[in-house]
$ cat data33.cif   # mmCIF, C-alpha atoms and all ligand atoms
data_entry
#
loop_
_atom_site.group_PDB
_atom_site.id
_atom_site.type_symbol
_atom_site.label_atom_id
_atom_site.label_comp_id
_atom_site.auth_asym_id
_atom_site.auth_seq_id
_atom_site.Cartn_x
_atom_site.Cartn_y
_atom_site.Cartn_z
ATOM 1 C CA MET V 1 -5.673 18.774 24.577
ATOM 2 C CA GLN V 2 -4.066 16.557 21.975
ATOM 3 C CA ILE V 3 -5.802 14.228 19.572
ATOM 4 C CA ILE V 4 -5.468 10.856 21.290
ATOM 5 C CA LYS V 5 -7.551 7.703 21.311
ATOM 6 C CA ASN V 6 -11.160 8.451 22.271
ATOM 7 C CA ALA V 7 -10.784 12.194 21.769
ATOM 8 C CA VAL V 8 -13.339 13.942 19.604
ATOM 9 C CA ALA V 9 -11.711 16.081 16.925
ATOM 10 C CA LEU V 10 -13.405 18.639 14.709
ATOM 11 C CA ILE V 11 -11.567 19.209 11.462
ATOM 12 C CA ARG V 12 -11.875 21.316 8.351
ATOM 13 C CA TYR V 13 -10.445 19.531 5.364
ATOM 14 C CA THR V 14 -9.835 19.615 1.653
ATOM 15 C CA LEU V 15 -9.016 16.436 -0.221
ATOM 16 C CA LYS V 16 -7.334 16.537 -3.629
ATOM 17 C CA ASP V 17 -5.999 13.953 -6.026
ATOM 18 C CA ASP V 18 -2.448 14.157 -7.396
ATOM 19 C CA GLU V 19 -3.656 16.355 -10.277
ATOM 20 C CA GLY V 20 -4.964 18.928 -7.807
ATOM 21 C CA ASN V 21 -8.662 18.200 -8.436
ATOM 22 C CA VAL V 22 -10.764 18.676 -5.321
ATOM 23 C CA ILE V 23 -12.428 15.359 -4.425
ATOM 24 C CA ASP V 24 -14.107 16.508 -1.225
ATOM 25 C CA THR V 25 -13.973 19.521 1.043
ATOM 26 C CA SER V 26 -15.690 21.041 4.044
ATOM 27 C CA GLU V 27 -14.961 24.509 2.640
ATOM 28 C CA GLU V 28 -16.799 26.665 0.144
ATOM 29 C CA LEU V 29 -15.480 25.937 -3.314
ATOM 30 C CA LYS V 30 -15.524 28.344 -6.281
ATOM 31 C CA ASP V 31 -14.645 27.787 -9.914
ATOM 32 C CA ASP V 32 -12.324 30.073 -11.938
ATOM 33 C CA GLU V 33 -15.172 32.552 -12.568
ATOM 34 C CA GLY V 34 -15.945 32.786 -8.869
ATOM 35 C CA ASN V 35 -19.162 30.769 -9.010
ATOM 36 C CA VAL V 36 -19.801 28.702 -5.906
ATOM 37 C CA ILE V 37 -19.737 25.028 -6.921
ATOM 38 C CA SER V 38 -19.786 23.572 -3.411
ATOM 39 C CA GLU V 39 -21.256 25.375 -0.434
ATOM 40 C CA GLY V 40 -19.109 23.922 2.326
ATOM 41 C CA HIS V 41 -20.387 22.509 5.589
ATOM 42 C CA ASP V 42 -19.658 22.300 9.306
ATOM 43 C CA PRO V 43 -16.305 20.878 10.328
ATOM 44 C CA LEU V 44 -16.274 17.086 10.416
ATOM 45 C CA ALA V 45 -16.414 15.653 13.939
ATOM 46 C CA TYR V 46 -14.996 12.179 14.479
ATOM 47 C CA LEU V 47 -14.020 9.884 17.314
ATOM 48 C CA HIS V 48 -10.259 9.380 17.108
ATOM 49 C CA GLY V 49 -8.806 5.885 17.171
ATOM 50 C CA GLY V 50 -11.944 4.087 16.102
ATOM 51 C CA GLY V 51 -11.367 3.862 12.380
ATOM 52 C CA ALA V 52 -14.052 6.451 11.584
ATOM 53 C CA ILE V 53 -11.727 8.104 9.068
ATOM 54 C CA ILE V 54 -9.174 6.488 6.777
ATOM 55 C CA PRO V 55 -6.111 5.088 8.580
ATOM 56 C CA GLY V 56 -3.537 7.334 6.861
ATOM 57 C CA LEU V 57 -5.348 10.486 7.942
ATOM 58 C CA GLU V 58 -6.086 9.227 11.428
ATOM 59 C CA SER V 59 -2.416 8.474 12.125
ATOM 60 C CA ALA V 60 -1.340 11.864 10.702
ATOM 61 C CA LEU V 61 -3.694 13.637 13.134
ATOM 62 C CA GLU V 62 -2.481 11.726 16.202
ATOM 63 C CA GLY V 63 -1.106 14.166 18.810
ATOM 64 C CA LYS V 64 -2.241 17.335 17.033
ATOM 65 C CA THR V 65 -4.003 20.157 18.899
ATOM 66 C CA ALA V 66 -6.651 22.763 18.030
ATOM 67 C CA GLY V 67 -5.339 25.391 15.630
ATOM 68 C CA GLU V 68 -2.751 23.129 14.006
ATOM 69 C CA SER V 69 -2.840 22.495 10.278
ATOM 70 C CA ILE V 70 -1.370 19.522 8.490
ATOM 71 C CA GLU V 71 -0.878 18.451 4.924
ATOM 72 C CA VAL V 72 -0.555 14.748 4.291
ATOM 73 C CA ARG V 73 -0.418 12.525 1.238
ATOM 74 C CA VAL V 74 -2.062 9.178 1.905
ATOM 75 C CA GLU V 75 -1.148 6.239 -0.327
ATOM 76 C CA PRO V 76 -4.041 4.029 -1.501
ATOM 77 C CA ALA V 77 -2.992 1.255 0.913
ATOM 78 C CA ASP V 78 -3.696 3.622 3.842
ATOM 79 C CA GLY V 79 -6.733 5.109 2.120
ATOM 80 C CA TYR V 80 -9.445 3.254 0.224
ATOM 81 C CA GLY V 81 -7.156 0.422 -0.842
ATOM 82 C CA GLU V 82 -5.699 -0.560 -4.188
ATOM 83 C CA LYS V 83 -7.941 -1.171 -7.174
ATOM 84 C CA ARG V 84 -8.615 -4.906 -7.268
ATOM 85 C CA GLU V 85 -8.940 -6.616 -10.636
ATOM 86 C CA GLU V 86 -11.273 -9.255 -9.212
ATOM 87 C CA MET V 87 -13.760 -6.489 -8.388
ATOM 88 C CA ILE V 88 -14.141 -5.869 -12.131
ATOM 89 C CA GLN V 89 -16.350 -8.412 -13.841
ATOM 90 C CA THR V 90 -18.106 -8.887 -17.140
ATOM 91 C CA VAL V 91 -21.623 -10.313 -17.104
ATOM 92 C CA PRO V 92 -24.191 -11.028 -19.818
ATOM 93 C CA ARG V 93 -26.321 -8.013 -20.599
ATOM 94 C CA ASP V 94 -29.529 -9.934 -19.954
ATOM 95 C CA MET V 95 -28.559 -10.224 -16.255
ATOM 96 C CA MET V 96 -29.076 -6.468 -15.961
ATOM 97 C CA PRO V 97 -32.419 -4.781 -15.193
ATOM 98 C CA LYS V 98 -34.490 -4.554 -18.390
ATOM 99 C CA ASP V 99 -36.083 -1.208 -17.605
ATOM 100 C CA VAL V 100 -32.802 0.747 -17.447
ATOM 101 C CA GLU V 101 -30.983 2.376 -20.364
ATOM 102 C CA LEU V 102 -27.393 1.257 -19.681
ATOM 103 C CA GLU V 103 -24.523 3.718 -20.159
ATOM 104 C CA VAL V 104 -20.815 3.682 -19.406
ATOM 105 C CA GLY V 105 -20.249 5.605 -16.163
ATOM 106 C CA MET V 106 -23.675 4.744 -14.757
ATOM 107 C CA GLN V 107 -23.754 3.637 -11.120
ATOM 108 C CA LEU V 108 -25.891 0.661 -10.134
ATOM 109 C CA GLN V 109 -26.722 -0.924 -6.812
ATOM 110 C CA GLY V 110 -25.863 -4.612 -6.840
ATOM 111 C CA GLN V 111 -25.019 -7.337 -4.368
ATOM 112 C CA THR V 112 -21.815 -9.127 -3.522
ATOM 113 C CA THR V 113 -21.782 -12.925 -3.447
ATOM 114 C CA GLU V 114 -22.134 -12.583 0.373
ATOM 115 C CA GLY V 115 -25.332 -10.597 -0.124
ATOM 116 C CA HIS V 116 -24.050 -7.152 0.903
ATOM 117 C CA ALA V 117 -25.265 -4.113 -1.014
ATOM 118 C CA GLN V 118 -22.521 -3.051 -3.385
ATOM 119 C CA PRO V 119 -22.410 -0.118 -5.777
ATOM 120 C CA PHE V 120 -21.039 -0.872 -9.232
ATOM 121 C CA VAL V 121 -20.038 1.446 -12.026
ATOM 122 C CA ILE V 122 -20.469 0.369 -15.654
ATOM 123 C CA VAL V 123 -17.025 0.623 -17.246
ATOM 124 C CA GLY V 124 -17.690 -1.303 -20.468
ATOM 125 C CA LEU V 125 -20.657 -2.118 -22.661
ATOM 126 C CA THR V 126 -21.146 -4.274 -25.769
ATOM 127 C CA ASN V 127 -24.294 -5.647 -27.413
ATOM 128 C CA THR V 128 -24.028 -8.788 -25.323
ATOM 129 C CA ASP V 129 -21.976 -7.948 -22.207
ATOM 130 C CA VAL V 130 -21.648 -5.403 -19.421
ATOM 131 C CA THR V 131 -18.402 -4.795 -17.533
ATOM 132 C CA LEU V 132 -18.935 -3.720 -13.935
ATOM 133 C CA ASP V 133 -16.382 -2.196 -11.550
ATOM 134 C CA GLY V 134 -17.182 -2.744 -7.868
ATOM 135 C CA ASN V 135 -14.084 -0.970 -6.543
ATOM 136 C CA HIS V 136 -14.517 2.053 -4.283
ATOM 137 C CA PRO V 137 -14.350 5.152 -6.513
ATOM 138 C CA LEU V 138 -11.221 6.256 -4.604
ATOM 139 C CA ALA V 139 -9.493 2.852 -4.663
ATOM 140 C CA GLY V 140 -6.027 3.210 -6.163
ATOM 141 C CA VAL V 141 -6.084 6.996 -5.692
ATOM 142 C CA ALA V 142 -3.453 8.804 -3.602
ATOM 143 C CA LEU V 143 -5.227 11.266 -1.317
ATOM 144 C CA ASN V 144 -3.774 14.691 -0.558
ATOM 145 C CA PHE V 145 -5.357 16.145 2.554
ATOM 146 C CA ALA V 146 -5.060 19.673 3.909
ATOM 147 C CA VAL V 147 -6.577 19.614 7.376
ATOM 148 C CA GLU V 148 -7.064 22.222 10.077
ATOM 149 C CA VAL V 149 -7.875 21.039 13.572
ATOM 150 C CA VAL V 150 -10.712 23.225 14.843
ATOM 151 C CA GLU V 151 -11.379 21.690 18.237
ATOM 152 C CA VAL V 152 -10.323 18.716 20.340
ATOM 153 C CA ARG V 153 -12.331 17.508 23.311
ATOM 154 C CA LYS V 154 -12.957 14.430 25.383
ATOM 155 C CA ALA V 155 -15.689 12.120 24.176
ATOM 156 C CA SER V 156 -18.677 11.703 26.488
ATOM 157 C CA GLU V 157 -19.512 8.315 27.969
ATOM 158 C CA GLU V 158 -22.502 8.168 25.657
ATOM 159 C CA GLU V 159 -20.398 8.887 22.574
ATOM 160 C CA LEU V 160 -17.906 6.194 23.568
ATOM 161 C CA SER V 161 -20.660 3.625 24.071
ATOM 162 C CA HIS V 162 -22.180 4.505 20.671
ATOM 163 C CA GLY V 163 -18.782 4.612 18.992
ATOM 164 C CA HIS V 164 -19.465 7.929 17.265
ATOM 165 C CA VAL V 165 -19.702 11.668 17.879
ATOM 166 C CA HIS V 166 -22.932 13.440 18.792
ATOM 167 C CA GLY V 167 -23.859 17.018 17.948
ATOM 168 C CA PRO V 168 -22.603 19.374 15.229
ATOM 169 C CA GLY V 169 -20.562 17.564 12.593
ATOM 170 C CA GLY V 170 -21.511 14.171 14.063
ATOM 171 C CA HIS V 171 -24.693 12.153 14.575
ATOM 172 C CA GLU V 172 -27.856 14.091 15.393
ATOM 173 C CA HIS V 173 -29.997 11.761 17.426
HETATM 174 ZN ZN ZN X 201 -25.116 7.846 19.030
#

$ encode --input "data33.cif" --output "structure tokens"
Amino acid sequence: MQIIKNAVALIRYTLKDDEGNVIDTSEELKDDEGNVISEGHDPLAYLHGGGAIIPGLESALEGKTAGESIEVRVEPADGYGEKREEMIQTVPRDMMPKDVELEVGMQLQGQTTEGHAQPFVIVGLTNTDVTLDGNHPLAGVALNFAVEVVEVRKASEEELSHGHVHGPGGHEH
């Protein structure tokens, strides 16, 4: 069957940035010397049409069948969004936890003004101030996917009512 709304698709994927660096993959990954740097995992199972994966990839997979492979470049707008300047803010250093040695590149768990948990990365540091970037790490990044469709099946009633896939590659509960 084809990948249509409410189908469950299992996919193998490799995601690279425009420089060819692997950002994420379901496959085993080796460095130039042949050392395994990422072990790979089961194909990803997702419920199509529900926004479980980024919009640019979901629309590229529409209508595909098991065994097909696609390569697609997803612009930030159809991926994790553009980097937003207002998500970068500078705060006084004494607002930060006292028991942590601050470093540029460090990730911290903060809160948005609405009270949601929000990861921040420290992008700047002076004696008095800390600059925090709350953008998604892949915001502003074009995403180059190579995807192989492993299996396509109908979702069960239970999966549809939960809004996600059960079993291998999905939720185990
Ligand atoms: Zn469930």

$ residues_near_point --input "data33.cif" --point "(-11.1, 14.8, -3.9)" --cutoff "10 Å" --atoms "only C-alpha atoms" --output "list of chain:residue names"
V:Thr14, V:Leu15, V:Lys16, V:Asp17, V:Asp18, V:Glu19, V:Gly20, V:Asn21, V:Val22, V:Ile23, V:Asp24, V:Thr25, V:Leu138, V:Val141, V:Ala142, V:Leu143, V:Asn144, V:Phe145

$ write_last_selection --input "data33.cif" --atoms "C-alpha atoms" --output "compact mmCIF listing (two decimals), in the frame of the given file"
# COMPACT_ATOMS: atom_id res chain seq x y z
CA THR V 14 -9.84 19.61 1.65
CA LEU V 15 -9.02 16.44 -0.22
CA LYS V 16 -7.33 16.54 -3.63
CA ASP V 17 -6.00 13.95 -6.03
CA ASP V 18 -2.45 14.16 -7.40
CA GLU V 19 -3.66 16.36 -10.28
CA GLY V 20 -4.96 18.93 -7.81
CA ASN V 21 -8.66 18.20 -8.44
CA VAL V 22 -10.76 18.68 -5.32
CA ILE V 23 -12.43 15.36 -4.42
CA ASP V 24 -14.11 16.51 -1.23
CA THR V 25 -13.97 19.52 1.04
CA LEU V 138 -11.22 6.26 -4.60
CA VAL V 141 -6.08 7.00 -5.69
CA ALA V 142 -3.45 8.80 -3.60
CA LEU V 143 -5.23 11.27 -1.32
CA ASN V 144 -3.77 14.69 -0.56
CA PHE V 145 -5.36 16.14 2.55

$ atom_distance --input "data33.cif" --atom1 "atom CA of V:Val72" --atom2 "atom CA of V:Leu29"
20.1 Å

$ closest_atom_pairs --input "data33.cif" --of "chain V" --to "ligand ZN 201 (chain X)" --cutoff "8 Å" --atoms "only C-alpha atoms and all ligand atoms" --output "tab-separated table"
residue	atom	partner	partner_atom	distance
V:Glu158	CA	X:ZN201	ZN	7.1
V:Glu159	CA	X:ZN201	ZN	6.0
V:Ser161	CA	X:ZN201	ZN	7.9
V:His162	CA	X:ZN201	ZN	4.7
V:Gly163	CA	X:ZN201	ZN	7.1
V:His164	CA	X:ZN201	ZN	5.9
V:Val165	CA	X:ZN201	ZN	6.7
V:His166	CA	X:ZN201	ZN	6.0
V:His171	CA	X:ZN201	ZN	6.2
V:Glu172	CA	X:ZN201	ZN	7.7
V:His173	CA	X:ZN201	ZN	6.5

$ resolve_selection --input "data33.cif" --expression "the PyMOL selection byres (((chain V and resi 5) around 7) and not hetatm)" --output "ChimeraX atom specification"
/V:3-4,6-7,48-49

$ atom_distance --input "data33.cif" --atom1 "atom CA of V:Gly79" --atom2 "atom CA of V:Leu57"
8.0 Å

$ residues_around --input "data33.cif" --residues "V:Thr65" --least-positions-apart "2" --cutoff "12 Å" --atoms "all atoms listed in the file" --output "list of chain:residue names"
V:Met1, V:Gln2, V:Ile3, V:Ile4, V:Ala7, V:Val8, V:Ala9, V:Leu10, V:Ile11, V:Ala60, V:Leu61, V:Glu62, V:Gly63, V:Gly67, V:Glu68, V:Ser69, V:Ile70, V:Val147, V:Glu148, V:Val149, V:Val150, V:Glu151, V:Val152, V:Arg153

$ residues_around --input "data33.cif" --residues "V:Gln107" --least-positions-apart "5" --cutoff "10 Å" --atoms "all atoms listed in the file" --output "MDAnalysis selection string"
chainID V and resid 102 119:123 132:134

$ decode --input "data33.cif" --residues "stretch 10-128 of chain V" --atoms "C-alpha atoms" --output "compact mmCIF listing (two decimals), in the first residue's frame"
# COMPACT_ATOMS: atom_id res chain seq x y z
CA LEU V 10 8.64 2.28 8.79
CA ILE V 11 11.62 4.15 7.40
CA ARG V 12 15.38 3.96 7.48
CA TYR V 13 16.91 7.38 7.21
CA THR V 14 20.07 9.42 7.20
CA LEU V 15 19.95 13.15 7.79
CA LYS V 16 22.82 15.41 6.72
CA ASP V 17 23.43 19.12 6.71
CA ASP V 18 24.55 20.95 3.56
CA GLU V 19 28.20 20.24 4.41
CA GLY V 20 27.52 16.51 4.38
CA ASN V 21 27.84 16.05 8.17
CA VAL V 22 25.54 13.34 9.47
CA ILE V 23 23.10 14.88 11.98
CA ASP V 24 21.07 11.75 12.66
CA THR V 25 20.72 8.29 11.18
CA SER V 26 19.06 4.96 11.80
CA GLU V 27 22.05 3.22 10.20
CA GLU V 28 25.38 2.13 11.59
CA LEU V 29 27.87 4.93 11.14
CA LYS V 30 31.66 4.53 10.86
CA ASP V 31 34.41 7.12 10.79
CA ASP V 32 37.23 7.20 8.20
CA GLU V 33 39.20 4.54 10.13
CA GLY V 34 36.22 2.21 10.19
CA ASN V 35 35.42 2.69 13.87
CA VAL V 36 31.72 2.50 14.66
CA ILE V 37 30.64 5.91 15.97
CA SER V 38 26.90 5.26 15.95
CA GLU V 39 25.39 1.81 16.25
CA GLY V 40 22.18 2.33 14.30
CA HIS V 41 18.73 1.33 15.44
CA ASP V 42 15.43 -0.12 14.25
CA PRO V 43 13.67 1.69 11.44
CA LEU V 44 11.59 4.62 12.65
CA ALA V 45 7.85 3.91 12.70
CA TYR V 46 5.50 6.88 12.45
CA LEU V 47 1.84 7.59 11.85
CA HIS V 48 1.58 9.46 8.55
CA GLY V 49 -0.38 12.69 8.34
CA GLY V 50 -0.28 13.50 12.03
CA GLY V 51 2.73 15.76 12.15
CA ALA V 52 4.89 13.16 13.92
CA ILE V 53 7.79 13.99 11.60
CA ILE V 54 8.77 17.34 10.12
CA PRO V 55 6.37 18.64 7.45
CA GLY V 56 8.90 18.68 4.58
CA LEU V 57 9.73 15.01 5.06
CA GLU V 58 6.14 13.97 5.61
CA SER V 59 4.99 15.54 2.34
CA ALA V 60 7.93 14.00 0.44
CA LEU V 61 6.91 10.52 1.66
CA GLU V 62 3.25 10.91 0.68
CA GLY V 63 2.26 8.18 -1.82
CA LYS V 64 5.49 6.19 -1.53
CA THR V 65 5.47 2.40 -1.12
CA ALA V 66 7.70 -0.17 0.62
CA GLY V 67 11.07 -0.53 -1.09
CA GLU V 68 11.14 3.00 -2.50
CA SER V 69 13.97 5.35 -1.62
CA ILE V 70 13.85 9.11 -1.72
CA GLU V 71 16.29 11.93 -1.26
CA VAL V 72 14.86 15.27 -0.24
CA ARG V 73 16.27 18.60 0.85
CA VAL V 74 14.01 20.28 3.38
CA GLU V 75 14.31 24.04 3.85
CA PRO V 76 14.27 25.31 7.46
CA ALA V 77 10.71 26.65 7.02
CA ASP V 78 9.51 23.06 6.43
CA GLY V 79 11.89 21.66 9.04
CA TYR V 80 12.64 23.08 12.48
CA GLY V 81 11.95 26.67 11.45
CA GLU V 82 14.20 29.66 10.95
CA LYS V 83 16.51 30.83 13.70
CA ARG V 84 14.65 33.56 15.58
CA GLU V 85 16.62 36.48 16.98
CA GLU V 86 14.12 36.98 19.80
CA MET V 87 14.99 33.49 21.07
CA ILE V 88 18.51 34.76 21.81
CA GLN V 89 18.72 36.81 24.97
CA THR V 90 21.35 38.21 27.28
CA VAL V 91 20.72 38.03 31.02
CA PRO V 92 22.76 39.03 34.07
CA ARG V 93 25.10 36.29 35.18
CA ASP V 94 23.68 36.30 38.70
CA MET V 95 20.35 35.01 37.31
CA MET V 96 22.11 31.73 36.50
CA PRO V 97 22.49 28.81 38.94
CA LYS V 98 25.41 29.50 41.29
CA ASP V 99 26.58 25.90 41.54
CA VAL V 100 27.34 25.48 37.82
CA GLU V 101 30.59 26.35 36.05
CA LEU V 102 29.26 28.18 32.97
CA GLU V 103 30.84 27.54 29.56
CA VAL V 104 30.02 28.54 26.00
CA GLY V 105 28.26 25.60 24.33
CA MET V 106 26.76 24.32 27.58
CA GLN V 107 23.09 23.31 27.45
CA LEU V 108 20.78 24.37 30.27
CA GLN V 109 17.16 23.63 31.04
CA GLY V 110 15.21 26.84 31.47
CA GLN V 111 11.63 28.03 31.19
CA THR V 112 9.83 30.17 28.67
CA THR V 113 7.76 33.11 29.88
CA GLU V 114 4.72 30.79 29.50
CA GLY V 115 6.33 28.32 31.89
CA HIS V 116 7.22 25.57 29.40
CA ALA V 117 10.50 23.72 29.83
CA GLN V 118 12.95 25.09 27.30
CA PRO V 119 16.52 24.04 26.60
CA PHE V 120 18.99 26.88 26.12
CA VAL V 121 22.54 26.84 24.86
CA ILE V 122 25.07 29.36 26.19
CA VAL V 123 26.41 31.22 23.15
CA GLY V 124 28.15 34.11 24.91
CA LEU V 125 29.71 34.78 28.29
CA THR V 126 31.23 37.86 29.94
CA ASN V 127 32.04 38.62 33.58
CA THR V 128 28.60 40.12 34.05
